[in-house]
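Below is one structure, written out as structure tokens; the observations come after it.
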Amino acid sequence: MESEEQSENSLRTIAIILLCCAVVKMLHLLGVISVEDKADDDLEITMVCHRPEGLDQLEALTNFSKKELQVLYRGFKNECPSGVVNEETFKQIYAQFFPHGDASTYAHYLFNAFDTAHSGSIKFEDFVTALSILLRGSITEKLQWTFNLYDINRDGYINKEEMTDIVRAIYDMMGKYTYPVLKNDAPKQHVEAFFQKMDKNRDGVVTLDEFIYSCQEDENIMRSLQLFENVI
């Protein structure tokens with residue numbers, strides 16, 4: 001029982017860390033942020049020659065300052081001249097971070113979480129709104145966003161099939177170098193452990209309230225969610 005609980009904690013921690021790390025890595029690829037050296041930010045800001053429509057509105061809707069939004073927009077626009085990122089580009093970005101695995105399925109789910117309007121593309125507004133939640137949102141906001149990622153069919157519940165799909169996508173993304181080596185039945189075992197912990201009323205699905213409550217009880221998840229609060 002203890003080993004199952006440890007496996008469950010490890011799985012959910014990996015999932016959330018991957019989510020946060022992948023977003024930060026994508027920012028690096030886009031040339032938007034540099035965790036190692038922030039000394040050039042002011043210089044970069046002065047080079048911004050185009051500002052998105054509704055900058056004041058974005059400042060009000062996010063946890064970023066106007067200057068931070070300018071820097072983010074400059075990087076986004078430089079790498080995405082069309083102003084949008086489609087799913088294929090999104091998958092290509094992820095493929096570079098996980099060369100020993102297949103990140104396409106996980107990238108698909110994450111893309112859909114960013115693409116809240118289901119338009120088939122991620123605009124700067126979508127990008128910066130999600131980033132604001134992941135990096136500077138409250139614990140509840142971060143957990144709500146993560147829940148929506150897992151709730152693939154958007155019905156307000158996480159069922160075992162959805163969780164299995166997410167787990168398999170994570171395993172596929174990690175590839176042959178996943179540690180420890182995973183058995184064929186590992187996804188099923190982790191999903192069962194997940195529901196044993198999360199499904200409080202044993203009705204076969206996990207609600208948002210159950211998800212938030214269970215995550216807030218888990219020290220590993222709480223630490224994971226706080227890793228990148230002050231990245232930019």
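Identifiers in this document derive from the order of the structure tokens: chains are assigned A, B, ..., residues are numbered from 1 separately in each chain, and ligands are numbered from 1 in order of occurrence.
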Would you pick out the contacts of A:Lys160 at 10 Å or less, using only C-alpha atoms, so that residues sharing its chain but fewer than 3 positions from it are not included, and give the list as an NGL selection string? :A and (157 or 163-166 or 188 or 191-192 or 194-195 or 204-206)
Distance query A:Glu162 at most 9 Å, only C-alpha atoms, self and fewer than 4 positions along chain excluded, as a VMD selection string: chain A and resid 150 to 153 158 166 to 167
